[in-house]
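Peer 1: For reference, this is start_13.tsv, and it has TSV, C-alpha atoms and all ligand atoms.
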```tsv
chain	number	residue	atom	x	y	z
A	76	MET	CA	57.67	-13.99	-54.24
A	77	SER	CA	56.47	-17.58	-53.80
A	78	VAL	CA	55.57	-19.38	-50.59
A	79	GLN	CA	59.01	-21.01	-50.85
A	80	ASP	CA	60.78	-17.70	-50.36
A	81	TRP	CA	64.42	-17.90	-49.41
A	82	VAL	CA	65.14	-14.29	-48.55
A	83	VAL	CA	62.91	-12.25	-46.29
A	84	ASP	CA	61.34	-9.31	-48.03
A	85	GLN	CA	61.21	-7.03	-44.96
A	86	SER	CA	58.88	-4.62	-46.73
A	87	ARG	CA	56.14	-7.27	-46.47
A	88	LEU	CA	56.45	-7.09	-42.67
A	89	ASP	CA	55.99	-3.33	-42.65
A	90	LEU	CA	52.95	-2.38	-40.54
A	91	LYS	CA	51.30	-0.46	-43.35
A	92	VAL	CA	51.70	-3.40	-45.73
A	93	LEU	CA	50.51	-5.89	-43.10
A	94	SER	CA	47.41	-3.78	-42.51
A	95	GLU	CA	46.46	-3.53	-46.14
A	96	SER	CA	45.84	-7.13	-47.09
A	97	ILE	CA	44.57	-10.44	-45.81
A	98	ARG	CA	47.17	-12.90	-47.07
A	99	HIS	CA	47.22	-16.62	-47.80
A	100	ASP	CA	50.79	-16.86	-49.09
A	101	TRP	CA	53.01	-16.77	-46.03
A	102	GLY	CA	56.53	-18.17	-46.32
A	103	LEU	CA	58.60	-19.81	-43.59
A	104	LEU	CA	61.43	-17.31	-43.44
A	105	GLU	CA	59.16	-14.32	-43.17
A	106	VAL	CA	57.03	-15.90	-40.42
A	107	LYS	CA	60.19	-16.75	-38.49
A	108	ALA	CA	61.24	-13.11	-38.94
A	109	LEU	CA	57.80	-12.01	-37.74
A	110	LEU	CA	58.05	-14.18	-34.61
A	111	ASN	CA	61.57	-12.83	-34.00
A	112	GLN	CA	60.69	-9.14	-34.25
A	113	PRO	CA	61.56	-7.04	-31.19
A	114	PHE	CA	58.80	-7.85	-28.69
A	115	SER	CA	57.40	-4.30	-28.53
A	116	ASP	CA	57.27	-3.98	-32.32
A	117	LEU	CA	55.50	-7.33	-32.65
A	118	LEU	CA	52.92	-6.45	-30.01
A	119	PHE	CA	52.38	-2.98	-31.44
A	120	HIS	CA	51.79	-4.42	-34.91
A	121	ALA	CA	49.45	-7.10	-33.59
A	122	GLN	CA	47.49	-4.63	-31.46
A	123	THR	CA	47.19	-2.16	-34.34
A	124	ILE	CA	45.85	-4.82	-36.70
A	125	HIS	CA	43.58	-6.13	-33.94
A	126	ARG	CA	41.98	-2.69	-33.58
A	127	GLU	CA	41.28	-2.51	-37.31
A	128	HIS	CA	38.98	-5.51	-37.11
A	129	PHE	CA	37.77	-5.89	-33.52
A	130	ASP	CA	36.76	-4.01	-30.41
A	131	PRO	CA	40.02	-4.46	-28.40
A	132	ASN	CA	38.13	-4.58	-25.11
A	133	GLU	CA	35.74	-7.40	-25.98
A	134	VAL	CA	36.42	-11.12	-25.57
A	135	GLN	CA	34.24	-13.99	-26.75
A	136	VAL	CA	33.71	-16.79	-24.21
A	137	SER	CA	33.00	-20.47	-24.83
A	138	SER	CA	32.46	-23.20	-22.26
A	139	LEU	CA	33.66	-26.75	-22.80
A	140	LEU	CA	32.19	-30.09	-21.84
A	141	SER	CA	33.68	-33.52	-22.38
A	142	ILE	CA	30.70	-35.55	-23.61
A	143	LYS	CA	32.74	-38.76	-23.96
A	144	THR	CA	35.88	-39.07	-21.89
A	145	GLY	CA	38.96	-41.29	-22.11
A	146	SER	CA	40.07	-44.55	-23.74
A	147	CYS	CA	40.76	-42.95	-27.12
A	148	SER	CA	42.52	-45.21	-29.63
A	149	GLU	CA	44.85	-42.41	-30.85
A	150	ASP	CA	48.32	-41.90	-29.37
A	151	CYS	CA	48.56	-38.07	-29.25
A	152	ALA	CA	51.53	-37.58	-26.90
A	153	TYR	CA	49.98	-34.58	-25.15
A	154	CYS	CA	46.58	-36.09	-24.44
A	155	PRO	CA	45.38	-37.41	-21.09
A	156	GLN	CA	42.55	-39.24	-22.89
A	157	SER	CA	44.69	-41.53	-25.01
A	158	ALA	CA	44.30	-45.23	-24.14
A	159	HIS	CA	48.04	-45.58	-24.83
A	160	TYR	CA	49.00	-43.85	-21.56
A	161	GLN	CA	48.24	-44.37	-17.86
A	162	THR	CA	46.79	-41.05	-16.76
A	163	GLY	CA	44.20	-42.31	-14.31
A	164	LEU	CA	41.22	-41.59	-16.58
A	165	GLY	CA	38.75	-44.45	-16.86
A	166	GLN	CA	36.57	-45.41	-19.78
A	167	GLU	CA	33.31	-43.46	-19.96
A	168	SER	CA	30.48	-43.69	-22.43
A	169	LEU	CA	28.67	-40.82	-24.17
A	170	LEU	CA	26.89	-38.62	-21.61
A	171	PRO	CA	23.08	-38.68	-21.45
A	172	ILE	CA	21.51	-35.73	-23.29
A	173	ALA	CA	19.89	-34.40	-20.09
A	174	ASP	CA	23.35	-34.02	-18.44
A	175	VAL	CA	24.68	-32.15	-21.47
A	176	ILE	CA	21.75	-29.73	-21.52
A	177	GLU	CA	22.07	-29.12	-17.79
A	178	ALA	CA	25.77	-28.25	-18.25
A	179	ALA	CA	24.94	-25.94	-21.17
A	180	ARG	CA	22.28	-24.16	-19.08
A	181	ARG	CA	24.82	-23.59	-16.30
A	182	ALA	CA	27.40	-22.29	-18.78
A	183	LYS	CA	24.83	-19.89	-20.20
A	184	ALA	CA	23.91	-18.65	-16.73
A	185	GLU	CA	27.62	-17.88	-16.12
A	186	GLY	CA	27.68	-15.80	-19.32
A	187	ALA	CA	29.06	-18.19	-21.97
A	188	GLY	CA	27.82	-17.51	-25.48
A	189	ARG	CA	29.08	-20.72	-27.05
A	190	PHE	CA	28.99	-24.30	-25.80
A	191	CYS	CA	31.68	-26.68	-27.09
A	192	MET	CA	31.30	-30.42	-26.75
A	193	GLY	CA	34.35	-32.66	-27.08
A	194	ALA	CA	34.60	-36.42	-27.49
A	195	ALA	CA	37.67	-38.66	-27.16
A	196	TRP	CA	37.16	-40.40	-30.48
A	197	ARG	CA	39.43	-41.05	-33.44
A	198	SER	CA	36.24	-40.77	-35.50
A	199	PRO	CA	32.59	-41.06	-34.47
A	200	SER	CA	30.23	-43.83	-35.62
A	201	ASP	CA	27.05	-42.82	-37.45
A	202	ARG	CA	25.09	-43.72	-34.31
A	203	ASP	CA	27.32	-41.38	-32.26
A	204	ILE	CA	26.64	-38.60	-34.75
A	205	ASP	CA	22.86	-39.08	-34.40
A	206	ARG	CA	23.12	-38.58	-30.65
A	207	VAL	CA	25.48	-35.60	-30.92
A	208	CYS	CA	23.08	-33.98	-33.41
A	209	GLU	CA	20.30	-34.24	-30.83
A	210	MET	CA	22.59	-32.52	-28.30
A	211	ILE	CA	23.36	-29.75	-30.79
A	212	GLU	CA	19.65	-29.15	-31.47
A	213	GLU	CA	18.88	-28.88	-27.77
A	214	VAL	CA	21.82	-26.59	-26.98
A	215	LYS	CA	20.85	-24.34	-29.92
A	216	ALA	CA	17.33	-24.19	-28.49
A	217	LEU	CA	18.84	-22.57	-25.36
A	218	GLY	CA	20.02	-19.71	-27.58
A	219	MET	CA	23.71	-20.64	-27.50
A	220	GLU	CA	26.19	-21.09	-30.34
A	221	THR	CA	27.44	-24.65	-30.67
A	222	CYS	CA	30.82	-26.21	-31.40
A	223	VAL	CA	31.80	-29.88	-31.38
A	224	THR	CA	35.12	-31.70	-31.68
A	225	LEU	CA	34.69	-35.39	-32.44
A	226	GLY	CA	37.73	-36.41	-34.50
A	227	MET	CA	37.79	-37.31	-38.19
A	228	LEU	CA	34.51	-37.09	-40.11
A	229	THR	CA	33.03	-38.41	-43.35
A	230	ASP	CA	31.26	-36.14	-45.85
A	231	GLN	CA	27.89	-37.45	-44.78
A	232	GLN	CA	28.63	-36.74	-41.12
A	233	THR	CA	29.68	-33.14	-41.77
A	234	HIS	CA	26.44	-32.52	-43.66
A	235	GLN	CA	24.39	-34.13	-40.90
A	236	LEU	CA	26.08	-31.92	-38.29
A	237	LYS	CA	25.41	-28.83	-40.40
A	238	ALA	CA	21.74	-29.81	-40.78
A	239	SER	CA	21.40	-30.12	-36.99
A	240	GLY	CA	22.33	-26.44	-36.66
A	241	LEU	CA	25.99	-26.81	-35.64
A	242	ASP	CA	27.90	-23.51	-35.85
A	243	TYR	CA	31.60	-24.54	-35.47
A	244	TYR	CA	33.65	-27.70	-35.84
A	245	ASN	CA	36.94	-27.83	-33.90
A	246	HIS	CA	39.71	-29.91	-35.43
A	247	ASN	CA	43.25	-28.85	-34.57
A	248	LEU	CA	46.40	-29.29	-36.64
A	249	ASP	CA	48.27	-29.05	-33.35
A	250	THR	CA	51.77	-28.38	-34.75
A	251	SER	CA	53.78	-28.15	-37.97
A	252	GLU	CA	53.63	-30.97	-40.50
A	253	ALA	CA	57.33	-31.63	-39.82
A	254	TYR	CA	56.88	-32.07	-36.04
A	255	TYR	CA	53.57	-33.96	-36.27
A	256	SER	CA	55.09	-37.44	-36.43
A	257	GLU	CA	56.98	-36.76	-33.17
A	258	ILE	CA	53.62	-36.27	-31.47
A	259	ILE	CA	51.13	-38.64	-33.15
A	260	SER	CA	51.68	-41.89	-35.06
A	261	THR	CA	48.11	-43.17	-35.42
A	262	ARG	CA	47.00	-40.64	-38.06
A	263	THR	CA	48.63	-38.28	-40.54
A	264	TYR	CA	48.62	-34.54	-41.02
A	265	GLN	CA	46.81	-35.15	-44.30
A	266	ASP	CA	43.99	-36.96	-42.41
A	267	ARG	CA	43.47	-33.75	-40.42
A	268	LEU	CA	43.56	-31.55	-43.53
A	269	ASP	CA	41.03	-33.83	-45.26
A	270	THR	CA	38.52	-33.52	-42.42
A	271	LEU	CA	39.03	-29.75	-42.32
A	272	GLU	CA	38.24	-29.56	-46.02
A	273	ARG	CA	35.05	-31.58	-45.54
A	274	VAL	CA	34.00	-29.34	-42.66
A	275	ARG	CA	34.52	-26.24	-44.82
A	276	GLU	CA	32.72	-27.79	-47.76
A	277	ALA	CA	29.66	-28.53	-45.59
A	278	GLY	CA	29.42	-24.81	-44.78
A	279	LEU	CA	30.45	-25.07	-41.13
A	280	ASN	CA	32.63	-22.48	-39.42
A	281	VAL	CA	36.12	-23.84	-38.82
A	282	CYS	CA	37.81	-23.77	-35.42
A	283	CYS	CA	41.40	-24.88	-35.94
A	284	GLY	CA	44.60	-24.18	-34.08
A	285	GLY	CA	47.27	-25.99	-32.15
A	286	ILE	CA	49.36	-26.52	-29.06
A	287	VAL	CA	52.63	-24.82	-28.22
A	288	GLY	CA	55.12	-25.85	-25.57
A	289	MET	CA	55.41	-29.47	-26.78
A	290	GLY	CA	59.20	-29.20	-27.24
A	291	GLU	CA	58.78	-27.86	-30.77
A	292	GLY	CA	61.03	-25.18	-32.24
A	293	LEU	CA	60.19	-21.71	-33.48
A	294	GLU	CA	60.18	-23.16	-36.99
A	295	ASP	CA	57.34	-25.51	-35.98
A	296	ARG	CA	55.29	-22.70	-34.48
A	297	ALA	CA	55.85	-20.79	-37.72
A	298	GLY	CA	54.93	-23.91	-39.72
A	299	LEU	CA	51.65	-24.35	-37.84
A	300	LEU	CA	50.69	-20.69	-38.34
A	301	ILE	CA	51.51	-20.94	-42.04
A	302	GLN	CA	49.29	-24.00	-42.46
A	303	LEU	CA	46.41	-22.13	-40.83
A	304	ALA	CA	46.91	-18.80	-42.57
A	305	ASN	CA	47.54	-20.26	-46.03
A	306	MET	CA	44.20	-22.12	-46.06
A	307	PRO	CA	41.92	-20.78	-48.81
A	308	ARG	CA	39.80	-19.28	-46.01
A	309	HIS	CA	41.20	-18.59	-42.57
A	310	PRO	CA	39.59	-20.56	-39.75
A	311	GLU	CA	36.99	-18.36	-38.08
A	312	SER	CA	38.35	-19.43	-34.72
A	313	VAL	CA	42.02	-20.19	-33.94
A	314	PRO	CA	42.64	-21.80	-30.55
A	315	ILE	CA	46.23	-21.48	-29.36
A	316	ASN	CA	46.71	-23.93	-26.50
A	317	LEU	CA	49.66	-23.97	-24.12
A	318	LEU	CA	50.42	-27.62	-23.40
A	319	VAL	CA	48.80	-28.79	-20.16
A	320	LYS	CA	51.37	-31.26	-18.88
A	321	VAL	CA	49.58	-34.35	-17.62
A	322	GLU	CA	51.31	-37.05	-15.58
A	323	GLY	CA	51.48	-40.31	-17.53
A	324	THR	CA	51.63	-38.72	-20.99
A	325	PRO	CA	54.95	-38.75	-22.88
A	326	LEU	CA	55.07	-34.93	-22.72
A	327	SER	CA	54.56	-34.68	-18.95
A	328	ASP	CA	58.03	-33.31	-18.27
A	329	VAL	CA	58.90	-31.54	-21.49
A	330	ASP	CA	60.89	-28.30	-20.95
A	331	ALA	CA	58.71	-25.28	-20.31
A	332	LEU	CA	58.32	-22.77	-23.13
A	333	ASP	CA	59.44	-19.18	-22.49
A	334	PRO	CA	56.08	-17.46	-21.73
A	335	LEU	CA	57.08	-14.57	-24.02
A	336	ASP	CA	57.34	-17.02	-26.92
A	337	PHE	CA	53.75	-18.04	-26.23
A	338	VAL	CA	52.72	-14.37	-26.42
A	339	ARG	CA	54.69	-14.01	-29.66
A	340	THR	CA	52.75	-16.94	-31.15
A	341	ILE	CA	49.45	-15.23	-30.30
A	342	ALA	CA	50.66	-11.94	-31.83
A	343	ALA	CA	51.76	-13.64	-35.05
A	344	ALA	CA	48.42	-15.48	-35.29
A	345	ARG	CA	46.61	-12.14	-34.95
A	346	ILE	CA	48.75	-10.52	-37.66
A	347	MET	CA	48.47	-13.45	-40.07
A	348	MET	CA	44.72	-14.05	-39.57
A	349	PRO	CA	43.45	-10.51	-38.87
A	350	LYS	CA	39.73	-11.30	-38.89
A	351	SER	CA	39.81	-14.60	-36.99
A	352	ARG	CA	39.00	-15.00	-33.33
A	353	VAL	CA	42.31	-15.99	-31.73
A	354	ARG	CA	41.57	-18.01	-28.62
A	355	LEU	CA	43.82	-18.04	-25.60
A	356	SER	CA	42.91	-21.67	-24.92
A	357	ALA	CA	44.27	-24.41	-22.65
A	358	GLY	CA	47.00	-23.62	-20.14
A	359	ARG	CA	45.54	-20.47	-18.56
A	360	SER	CA	45.54	-22.02	-15.06
A	361	GLU	CA	49.35	-21.93	-15.23
A	362	MET	CA	49.51	-18.35	-16.55
A	363	SER	CA	49.84	-15.21	-14.49
A	364	ASP	CA	47.25	-12.46	-14.88
A	365	GLU	CA	50.01	-10.35	-16.44
A	366	MET	CA	50.77	-12.99	-19.07
A	367	GLN	CA	47.10	-13.26	-19.97
A	368	ALA	CA	46.89	-9.47	-20.21
A	369	LEU	CA	49.84	-9.54	-22.64
A	370	CYS	CA	48.02	-12.17	-24.72
A	371	PHE	CA	44.95	-9.91	-24.93
A	372	MET	CA	47.26	-7.02	-25.92
A	373	ALA	CA	48.71	-9.30	-28.60
A	374	GLY	CA	45.25	-9.80	-30.08
A	375	ALA	CA	43.71	-12.81	-28.33
A	376	ASN	CA	39.97	-12.18	-28.13
A	377	SER	CA	38.43	-15.45	-27.08
A	378	ILE	CA	38.84	-17.83	-24.12
A	379	PHE	CA	37.50	-21.08	-22.69
A	380	TYR	CA	35.43	-20.09	-19.70
A	381	GLY	CA	34.47	-22.23	-16.71
A	382	GLU	CA	36.34	-24.40	-14.23
A	383	ARG	CA	37.06	-27.32	-16.59
A	384	LEU	CA	38.49	-27.72	-20.05
A	385	LEU	CA	37.81	-31.34	-21.08
A	386	THR	CA	39.53	-33.28	-18.31
A	387	THR	CA	41.85	-30.66	-16.80
A	388	GLU	CA	41.44	-27.46	-14.82
A	389	ASN	CA	40.67	-23.98	-16.09
A	390	PRO	CA	40.27	-20.82	-13.98
A	391	VAL	CA	36.83	-20.66	-12.31
A	392	ALA	CA	34.37	-18.24	-13.92
A	393	GLU	CA	34.53	-15.77	-11.03
A	394	THR	CA	38.34	-15.51	-11.37
A	395	ASP	CA	37.99	-14.63	-15.05
A	396	ARG	CA	35.24	-12.11	-14.40
A	397	LEU	CA	37.50	-10.43	-11.85
A	398	LEU	CA	40.44	-10.39	-14.28
A	399	PHE	CA	38.23	-8.93	-17.02
A	400	ARG	CA	36.96	-6.26	-14.63
A	401	ARG	CA	40.55	-5.29	-13.79
A	402	LEU	CA	41.38	-5.11	-17.51
A	403	GLY	CA	38.16	-3.33	-18.52
A	404	ILE	CA	37.27	-6.24	-20.81
A	405	ARG	CA	33.67	-7.07	-21.70
A	406	MET	CA	32.65	-10.64	-22.42
A	407	SER	CA	30.61	-10.79	-25.66
A	408	GLY	CA	27.00	-10.25	-24.68
A	409	PHE	CA	27.91	-9.72	-21.03
A	410	TYR	CA	29.46	-6.65	-19.42
A	411	ALA	CA	31.80	-6.97	-16.46
A	412	GLU	CA	31.54	-3.54	-14.76
A	413	ALA	CA	34.84	-1.99	-13.72
A	414	ASP	CA	35.04	-1.42	-9.94
B	501	LIG	N1	39.48	-36.42	-30.28
B	501	LIG	C1	39.22	-35.24	-31.00
B	501	LIG	C2	40.43	-34.69	-31.71
B	501	LIG	O1	41.54	-35.03	-31.35
B	501	LIG	O2	40.23	-33.88	-32.62
B	501	LIG	C3	38.61	-34.14	-30.15
B	501	LIG	C4	39.09	-33.95	-28.73
B	501	LIG	S1	40.79	-33.49	-28.55
B	501	LIG	C5	41.01	-33.64	-26.80
B	501	LIG	C6	40.75	-31.74	-28.88
B	501	LIG	C7	42.05	-30.98	-28.78
B	501	LIG	O3	42.41	-30.79	-27.43
B	501	LIG	C8	43.29	-31.58	-29.39
B	501	LIG	O4	43.36	-31.44	-30.78
B	501	LIG	C9	44.38	-30.76	-28.73
B	501	LIG	O5	44.68	-29.63	-29.51
B	501	LIG	C10	43.74	-30.33	-27.41
B	501	LIG	N2	44.45	-30.92	-26.25
B	501	LIG	C11	44.35	-32.19	-25.82
B	501	LIG	N3	45.16	-32.41	-24.76
B	501	LIG	C12	45.78	-31.23	-24.52
B	501	LIG	C13	46.75	-30.82	-23.57
B	501	LIG	N4	47.25	-31.66	-22.67
B	501	LIG	N5	47.17	-29.53	-23.60
B	501	LIG	C14	46.68	-28.67	-24.52
B	501	LIG	N6	45.77	-29.01	-25.45
B	501	LIG	C15	45.33	-30.28	-25.45
B	502	LIG	C1	41.06	-26.70	-28.11
B	502	LIG	O1	41.81	-26.20	-28.96
B	502	LIG	N1	41.35	-26.82	-26.83
B	502	LIG	C2	40.29	-27.48	-26.10
B	502	LIG	C3	39.20	-27.64	-27.19
B	502	LIG	N2	39.85	-27.18	-28.37
B	502	LIG	C4	38.51	-28.90	-27.37
B	502	LIG	C5	40.70	-28.72	-25.40
B	502	LIG	C6	41.84	-28.52	-24.42
B	502	LIG	C7	42.05	-29.79	-23.70
B	502	LIG	C8	43.07	-29.68	-22.60
B	502	LIG	C9	43.29	-30.99	-21.91
B	502	LIG	C10	42.08	-31.54	-21.23
B	502	LIG	O2	41.37	-30.80	-20.50
B	502	LIG	O3	41.82	-32.75	-21.34
B	503	LIG	FE1	42.07	-38.95	-28.85
B	503	LIG	FE2	41.69	-36.41	-29.50
B	503	LIG	FE3	43.13	-37.07	-27.32
B	503	LIG	FE4	44.16	-37.52	-29.70
B	503	LIG	S1	43.63	-35.50	-28.86
B	503	LIG	S2	44.12	-38.96	-27.97
B	503	LIG	S3	42.32	-38.04	-30.87
B	503	LIG	S4	40.97	-37.41	-27.65
```
Please render this file's structure as structure tokens.
Ligand code: SAM
Ligand code: DTB
Ligand code: SF4
Peer 2:
Amino acid sequence: MSVQDWVVDQSRLDLKVLSESIRHDWGLLEVKALLNQPFSDLLFHAQTIHREHFDPNEVQVSSLLSIKTGSCSEDCAYCPQSAHYQTGLGQESLLPIADVIEAARRAKAEGAGRFCMGAAWRSPSDRDIDRVCEMIEEVKALGMETCVTLGMLTDQQTHQLKASGLDYYNHNLDTSEAYYSEIISTRTYQDRLDTLERVREAGLNVCCGGIVGMGEGLEDRAGLLIQLANMPRHPESVPINLLVKVEGTPLSDVDALDPLDFVRTIAAARIMMPKSRVRLSAGRSEMSDEMQALCFMAGANSIFYGERLLTTENPVAETDRLLFRRLGIRMSGFYAEAD
């Protein structure tokens, strides 16, 4: 059956069949059917597949730092850093290297294994890349993995980042191709796909996911997951963000998503990309411990760790350590003893 399937072949959603292959040919109807499975079946399938590839009680933790905040020329409707909206963020320039290294040291001391640096750029200049490469080299020297998210890149820039020792590049598709133009007008879906291809071609690990809860439909969540899972290689890391509603952005009062639909999205990501790290990303400050536990059951095995995302709040490290202790979860390279 082609990607354009028009009837759902239920046998392809059978647990045994799902477990047997890593697929890159998902169709819209079958992913909608997957997302619509009875909740317990969906979670059972996701958890079973999760256990085939990962230790179910281990979660990878990354800390984030905004190295250049605000006044971005893009108009992403969810983003507090867009210059198109009044969100109270001022214009800041690229942080000094010493500040970045100090933040990375602190993140490492809290137990983070990866340090992710984000910049509010449409695309960096070559001079920006030189400075970010210095940051990457120094963070690597601390013994941490590195990730950066800087916007659209040229071929030369991806190769320069790779040469500096960068491990992951984060570049999200954010939603389905169909819903994209409702959210962003200053770049196209194809622009994102082009940068992702360059990142892959340079030999970097890909971190690519999206945001749910932006008023999209189930079809758009399915569409996003299909784009990710039908790539020739699955992204190594798949961040699933719950929209953080920020005053001043066009999405500040969008209707809340049913939390169980968020969990379903995580479960489907796990099933469709069995070997990828699925990250329970932005939005955890608004989630109950029980909802986060369901997300881990559904196959999420990575989080952003530390009191800030880029510009908004995240649970403080101690809160997460306590939650992990209650759930018997170990952070990669760090064991939170059960009481
Ligand atoms: N400017 C670069 C870009 O857009 O690729 C890098 C930084 S940008 C802030 C990184 C990602 O943060 C976005 O792609 C989006 O997925 C996520 N993000 C931004 N604002 C968010 C919000 N309010 N809620 C959830 N995720 C958000
Ligand atoms: C990702 O998928 N989520 C992170 C990271 N990649 C760069 C960013 C979330 C940002 C949430 C809004 C803010 O803090 O500004
Ligand atoms: Fe700029 Fe990135 Fe925010 Fe879009 S998501 S406005 S590109 S910082």
Peer 1: Please identify all protein, DNA and RNA residues within 9 Å of ligand LIG 502 (chain B), counting all atoms listed in the file, and report them as a ChimeraX atom specification.
Peer 2: /A:139-141,144,153-156,191-194,223-224,245-247,249,282-286,313-321,354,356-358,379,383-389
Peer 1: Around ligand LIG 503 (chain B), at most 8 Å away and counting only C-alpha atoms and all ligand atoms, which residues are there? Put them as a PDB file with C-alpha atoms, keeping the file's coordinate frame, please.
Peer 2:
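Final output, saved to part_12.pdb:
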```
ATOM      1  CA  THR A 144      35.880 -39.070 -21.890  1.00  0.00           C
ATOM      2  CA  GLY A 145      38.960 -41.290 -22.110  1.00  0.00           C
ATOM      3  CA  SER A 146      40.070 -44.550 -23.740  1.00  0.00           C
ATOM      4  CA  CYS A 147      40.760 -42.950 -27.120  1.00  0.00           C
ATOM      5  CA  SER A 148      42.520 -45.210 -29.630  1.00  0.00           C
ATOM      6  CA  GLU A 149      44.850 -42.410 -30.850  1.00  0.00           C
ATOM      7  CA  ASP A 150      48.320 -41.900 -29.370  1.00  0.00           C
ATOM      8  CA  CYS A 151      48.560 -38.070 -29.250  1.00  0.00           C
ATOM      9  CA  ALA A 152      51.530 -37.580 -26.900  1.00  0.00           C
ATOM     10  CA  TYR A 153      49.980 -34.580 -25.150  1.00  0.00           C
ATOM     11  CA  CYS A 154      46.580 -36.090 -24.440  1.00  0.00           C
ATOM     12  CA  PRO A 155      45.380 -37.410 -21.090  1.00  0.00           C
ATOM     13  CA  GLN A 156      42.550 -39.240 -22.890  1.00  0.00           C
ATOM     14  CA  SER A 157      44.690 -41.530 -25.010  1.00  0.00           C
ATOM     15  CA  ALA A 158      44.300 -45.230 -24.140  1.00  0.00           C
ATOM     16  CA  ALA A 194      34.600 -36.420 -27.490  1.00  0.00           C
ATOM     17  CA  ALA A 195      37.670 -38.660 -27.160  1.00  0.00           C
ATOM     18  CA  TRP A 196      37.160 -40.400 -30.480  1.00  0.00           C
ATOM     19  CA  ARG A 197      39.430 -41.050 -33.440  1.00  0.00           C
ATOM     20  CA  LEU A 225      34.690 -35.390 -32.440  1.00  0.00           C
ATOM     21  CA  GLY A 226      37.730 -36.410 -34.500  1.00  0.00           C
ATOM     22  CA  ILE A 259      51.130 -38.640 -33.150  1.00  0.00           C
TER      23      ILE A 259
END
```
Peer 1: Which residues, written as a PDB file with C-alpha atoms, in the frame of the given file, have at least one atom at most 8 Å from range 344-348 of chain A, with all atoms listed in the file counted and residues fewer than 5 positions away on the same chain left out?
Peer 2:
```pdb
ATOM      1  CA  LEU A  93      50.510  -5.890 -43.100  1.00  0.00           C
ATOM      2  CA  ILE A  97      44.570 -10.440 -45.810  1.00  0.00           C
ATOM      3  CA  ARG A  98      47.170 -12.900 -47.070  1.00  0.00           C
ATOM      4  CA  HIS A 120      51.790  -4.420 -34.910  1.00  0.00           C
ATOM      5  CA  ALA A 121      49.450  -7.100 -33.590  1.00  0.00           C
ATOM      6  CA  ILE A 124      45.850  -4.820 -36.700  1.00  0.00           C
ATOM      7  CA  HIS A 125      43.580  -6.130 -33.940  1.00  0.00           C
ATOM      8  CA  LEU A 300      50.690 -20.690 -38.340  1.00  0.00           C
ATOM      9  CA  ALA A 304      46.910 -18.800 -42.570  1.00  0.00           C
ATOM     10  CA  HIS A 309      41.200 -18.590 -42.570  1.00  0.00           C
ATOM     11  CA  VAL A 353      42.310 -15.990 -31.730  1.00  0.00           C
ATOM     12  CA  ALA A 373      48.710  -9.300 -28.600  1.00  0.00           C
ATOM     13  CA  GLY A 374      45.250  -9.800 -30.080  1.00  0.00           C
ATOM     14  CA  ALA A 375      43.710 -12.810 -28.330  1.00  0.00           C
TER      15      ALA A 375
END
```
Peer 1: As a VMD selection string, please: the residues near Cys208 in chain A (cut-off 12 Å, only C-alpha atoms, same-chain neighbours under 2 positions excluded).
Peer 2: chain A and resid 172 192 199 201 to 206 210 to 215 221 to 223 225 232 to 242
Peer 1: For range 102-105 of chain A, work out the shell of residues within 12 Å, counting all atoms listed in the file and skipping chain neighbours fewer than 2 positions away, then give it as a JSON list (two decimals) with C-alpha atoms, in the coordinates of the input.
Peer 2:
```json
[["chain", "number", "residue", "atom", "x", "y", "z"],
["A", 76, "MET", "CA", 57.67, -13.99, -54.24],
["A", 77, "SER", "CA", 56.47, -17.58, -53.80],
["A", 78, "VAL", "CA", 55.57, -19.38, -50.59],
["A", 79, "GLN", "CA", 59.01, -21.01, -50.85],
["A", 80, "ASP", "CA", 60.78, -17.70, -50.36],
["A", 81, "TRP", "CA", 64.42, -17.90, -49.41],
["A", 82, "VAL", "CA", 65.14, -14.29, -48.55],
["A", 83, "VAL", "CA", 62.91, -12.25, -46.29],
["A", 84, "ASP", "CA", 61.34, -9.31, -48.03],
["A", 85, "GLN", "CA", 61.21, -7.03, -44.96],
["A", 86, "SER", "CA", 58.88, -4.62, -46.73],
["A", 87, "ARG", "CA", 56.14, -7.27, -46.47],
["A", 88, "LEU", "CA", 56.45, -7.09, -42.67],
["A", 89, "ASP", "CA", 55.99, -3.33, -42.65],
["A", 98, "ARG", "CA", 47.17, -12.90, -47.07],
["A", 99, "HIS", "CA", 47.22, -16.62, -47.80],
["A", 100, "ASP", "CA", 50.79, -16.86, -49.09],
["A", 107, "LYS", "CA", 60.19, -16.75, -38.49],
["A", 108, "ALA", "CA", 61.24, -13.11, -38.94],
["A", 109, "LEU", "CA", 57.80, -12.01, -37.74],
["A", 110, "LEU", "CA", 58.05, -14.18, -34.61],
["A", 111, "ASN", "CA", 61.57, -12.83, -34.00],
["A", 112, "GLN", "CA", 60.69, -9.14, -34.25],
["A", 251, "SER", "CA", 53.78, -28.15, -37.97],
["A", 293, "LEU", "CA", 60.19, -21.71, -33.48],
["A", 294, "GLU", "CA", 60.18, -23.16, -36.99],
["A", 295, "ASP", "CA", 57.34, -25.51, -35.98],
["A", 296, "ARG", "CA", 55.29, -22.70, -34.48],
["A", 297, "ALA", "CA", 55.85, -20.79, -37.72],
["A", 298, "GLY", "CA", 54.93, -23.91, -39.72],
["A", 299, "LEU", "CA", 51.65, -24.35, -37.84],
["A", 300, "LEU", "CA", 50.69, -20.69, -38.34],
["A", 301, "ILE", "CA", 51.51, -20.94, -42.04],
["A", 302, "GLN", "CA", 49.29, -24.00, -42.46],
["A", 304, "ALA", "CA", 46.91, -18.80, -42.57],
["A", 305, "ASN", "CA", 47.54, -20.26, -46.03],
["A", 343, "ALA", "CA", 51.76, -13.64, -35.05],
["A", 347, "MET", "CA", 48.47, -13.45, -40.07]]
```
